[in-house]
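Novice: Pasting a structure below so you can have a look.
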Amino acid sequence: MLVCLTGAGTLTCGSGPSLDVAEGQTVLLPYAAGPARLSGPVTALRCRPPAPGH
């Protein structure tokens, strides 16, 4: 899960199209989407489960 706190940017995942994101939006990213990159003047909070074994 990605919560955009301020600004706006672009979220790019390994196999899918880019997604414009902005302040106040929440995006759910499935594990199968692969690595993701957030670019632009945006501040976001990434929420994910704990590492296995922790």
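Residues are referred to by chain and number: the chain letter is A, B, ... according to the order shown in the structure tokens, the number counts from 1 in that chain, and ligands are numbered separately from 1 in the order shown.
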Tell me, as a ChimeraX atom specification, which residues lie within 10 Å of A:Ala33, counting only C-alpha atoms; anything in the same chain fewer than 5 positions away does not count.
Specialist: /A:12-16
Novice: At a cut-off of 9 Å, using only C-alpha atoms, what residues contact A:Leu29? Leave out same-chain residues fewer than 5 positions from it and give the result as an MDAnalysis selection string.
Specialist: chainID A and resid 1:2 13 34 36
Novice: Please extract the residues of chain A with a backbone DSSP assignment of strand (DSSP E) and present them as an MDAnalysis selection string.
Specialist: chainID A and resid 2:13 19:22 26:27 36:39 42:46
Novice: Let me make sure I understand: among A:Ala32, A:Leu38, A:Val27, A:Leu45, which one has the smallest atom-to-atom distance to A:Thr10 if we use only C-alpha atoms?
Specialist: A:Leu38
Novice: Go through A:Pro17, A:Arg37, A:Val42, A:Pro30 one by one, measure the shortest atom-to-atom distance of each to A:Val3 using only C-alpha atoms, and give the residue with the smallest value.
Specialist: A:Val42
Novice: Between atom CA of A:Cys4 and atom CA of A:Pro50, what distance in Å does the model show, to one decimal?
Specialist: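 These atoms are spaced 20.7 Å apart.
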